[in-house]
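Report on the structure given below.
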Amino acid sequence: MSFAATDDGQEIYFRSHGTTGPIIVFVSGYFGVDNIWQPLIANLHTQYRCISYDNRGYGRSSKPTSPDSYSIPHHAADLHEVLQACDVTDRVVLVTHSMGCNIAAAYYLAHPDRVAGIICSAGYYDGERVQKFLSQEILTSGVESPSQCVSFYTSMGLDKVTALEAAKWPAYGRRNNANALLSFAMGDRYAMIKVPALMVVGEKDSAALEELITPILREMPSCKLEVLKNVRHFPPTEAPGEMERLIRGFVENLST
């Protein structure tokens, strides 16, 4: 059992698997827990060092009650503390999901020398642009009800077992993380991200490709796009074989 201490007095639970090879860090999104990564890590940890963690507000990590404790920069700082606790000094590959893509961007902007590459699954430009398609009312509807949370997650493609795990934590954490998601703005800073990147999008994801993905590709020439057929918003669990193939290929290309 391992925890990283944050600068605002919270504890972030993390897991580290493997001891050799390139370092892959898995960053979850709005639903918060690291469970979606475990099948991938089970196959990858013999070749790579794999690190995953629960976001603040969820799982085994601290769940501060104050809304001020939740923001994308806070999540990026938590990621940094996890890497510090793991004694990571080499550059890492960030593999992310949904809101985790913005966390990775914020982390890169704060620590560009610590990142070798970024894989974003089910990503989007930023919270400001998401608001055109996903209002706060929709995102927070039913947060008081675990059953409605499960329905919300599974409607986007998450398996029920993982959805049940994600839905059992305090409602205020989901509400505060929703505010963190929607309030984050990248501005014109994607152009500042110089490392190789890959955007993995489900063909059936409800996110608007032209509005939320294409601008990233336009501003980040180093970012490539991969669209997975018959996949919605959770490529890591809906298409784990494809995700593993893409991760392995991406990491191998970094070393050539």
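Going through the structure tokens in order, the chains are called A, B, and so on, while each chain numbers its residues from 1 and the ligands are numbered from 1 in the order shown.
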
Those of range 18-188 of chain A in DSSP alpha helix (DSSP H), formatted as a count of residues only: 73

Strand (DSSP E or B) per DSSP on the backbone: members of range 40-251 of chain A, as a VMD selection string: chain A and resid 49 to 53 92 to 97 115 to 121 197 to 202 223 to 228

Residue contacts of Ala122 in chain A (8 Å, only C-alpha atoms) excluding same-chain residues fewer than 5 positions away, as a list of chain:residue names: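 What passes the distance filter is A:His97, A:Ser98, A:Met199, A:Val200, A:Val201, A:Gly202, A:Asp205, A:His233, A:Phe234, A:Pro235.
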
Any chance you could tabulate, as CSV, the residues of range 28-140 of chain A at most 12 Å from range 238-252 of chain A with each one's nearest atom pair and distance in Å to one decimal, using only C-alpha atoms, in chain and rising number order?
```
residue,atom,partner,partner_atom,distance
A:Ile36,CA,A:Pro240,CA,9.5
A:Trp37,CA,A:Pro240,CA,9.1
A:Gln38,CA,A:Pro240,CA,10.3
A:Pro39,CA,A:Pro240,CA,7.5
A:Leu40,CA,A:Glu244,CA,6.4
A:Ile41,CA,A:Glu244,CA,9.1
A:Ala42,CA,A:Glu244,CA,10.6
A:Asn43,CA,A:Glu244,CA,8.1
A:Leu44,CA,A:Glu244,CA,7.7
A:His45,CA,A:Glu244,CA,11.4
A:Gln47,CA,A:Arg248,CA,9.5
A:Tyr48,CA,A:Arg248,CA,9.5
A:Arg49,CA,A:Val251,CA,11.9
A:Cys50,CA,A:Ile247,CA,11.8
A:Arg91,CA,A:Val251,CA,11.9
A:Val92,CA,A:Val251,CA,9.9
A:Val93,CA,A:Val251,CA,7.6
A:Leu94,CA,A:Ile247,CA,10.1
A:Val95,CA,A:Ile247,CA,8.1
A:Thr96,CA,A:Ile247,CA,11.1
A:His97,CA,A:Met243,CA,11.5
A:Ala116,CA,A:Val251,CA,9.1
A:Gly117,CA,A:Val251,CA,8.2
A:Ile118,CA,A:Phe250,CA,9.2
A:Ile119,CA,A:Ile247,CA,7.7
A:Cys120,CA,A:Ile247,CA,10.5
A:Ser121,CA,A:Met243,CA,8.8
A:Ala122,CA,A:Glu238,CA,11.5
```

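All residues of protein, DNA or RNA that reach within 8 Å of Ser222 in chain A, judged by only C-alpha atoms and not counting those fewer than 5 positions away in the chain, are Lys194, Val195, Pro196, Ala197 and Leu217 of chain A.
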
Output the selection as a PDB file, in the first residue's frame - N, CA and C atoms for each residue.
```pdb
ATOM      1  N   LYS A 194       5.597  19.849 -27.122  1.00  0.00           N
ATOM      2  CA  LYS A 194       6.491  19.484 -28.218  1.00  0.00           C
ATOM      3  C   LYS A 194       6.772  17.994 -28.335  1.00  0.00           C
ATOM      4  N   VAL A 195       6.352  17.200 -27.343  1.00  0.00           N
ATOM      5  CA  VAL A 195       6.668  15.770 -27.379  1.00  0.00           C
ATOM      6  C   VAL A 195       5.698  15.029 -28.293  1.00  0.00           C
ATOM      7  N   PRO A 196       6.080  13.840 -28.776  1.00  0.00           N
ATOM      8  CA  PRO A 196       5.144  13.023 -29.556  1.00  0.00           C
ATOM      9  C   PRO A 196       3.870  12.729 -28.763  1.00  0.00           C
ATOM     10  N   ALA A 197       2.750  12.701 -29.462  1.00  0.00           N
ATOM     11  CA  ALA A 197       1.469  12.441 -28.800  1.00  0.00           C
ATOM     12  C   ALA A 197       0.572  11.642 -29.731  1.00  0.00           C
ATOM     13  N   LEU A 217      -5.196  18.525 -32.868  1.00  0.00           N
ATOM     14  CA  LEU A 217      -4.333  18.028 -33.944  1.00  0.00           C
ATOM     15  C   LEU A 217      -3.767  19.189 -34.769  1.00  0.00           C
TER      16      LEU A 217
END
```

Selection near Glu203 in chain A, 8 Å with only C-alpha atoms, sequence-local residues under 2 positions removed, as number ranges by chain: A: 201, 205, 227-232

Would you mind listing, for every residue of range 196-223 of chain A within 12 Å of range 166-188 of chain A, the two atoms forming the shortest contact and the distance between them in Å to one decimal, using only C-alpha atoms, sorted by chain and ascending residue number, as CSV?
```
residue,atom,partner,partner_atom,distance
A:Leu212,CA,A:Met186,CA,12.0
A:Pro215,CA,A:Asp188,CA,10.2
A:Ile216,CA,A:Asp188,CA,9.8
A:Arg218,CA,A:Asp188,CA,11.3
A:Glu219,CA,A:Asp188,CA,8.1
A:Met220,CA,A:Asp188,CA,10.4
```

Spatial neighbours of range 1-7 of chain A, max dist 10 Å, only C-alpha atoms, sep filter under 2 positions, as a PyMOL selection string: chain A and resi 9-16+53+60-62+74+77-86

Range 99-109 of chain A environment, 6 Å, only C-alpha atoms, sequence neighbours closer than 3 positions dropped, as a list in words: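 Non-adjacent residues within range: Val27, Ser28, Gly29, Tyr30, Ile72, Ala76, Thr96, Pro112, Cys120 and Gly123 of chain A.
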
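What separates CA of Gln148 in chain A from CA of Pro73 in chain A is a distance of 28.3 Å.
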
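When CA of Ser151 in chain A is paired with CA of Leu134 in chain A, their separation reads 16.4 Å.
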
Å distance separating CA of Pro22 in chain A from CA of Leu254 in chain A, one decimal place: 9.8 Å

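Candidate residues A:Asp87, A:Asp54, A:Asp8, A:Asp113 were compared for distance to Phe31 in chain A, and the nearest is A:Asp54, using only C-alpha atoms.
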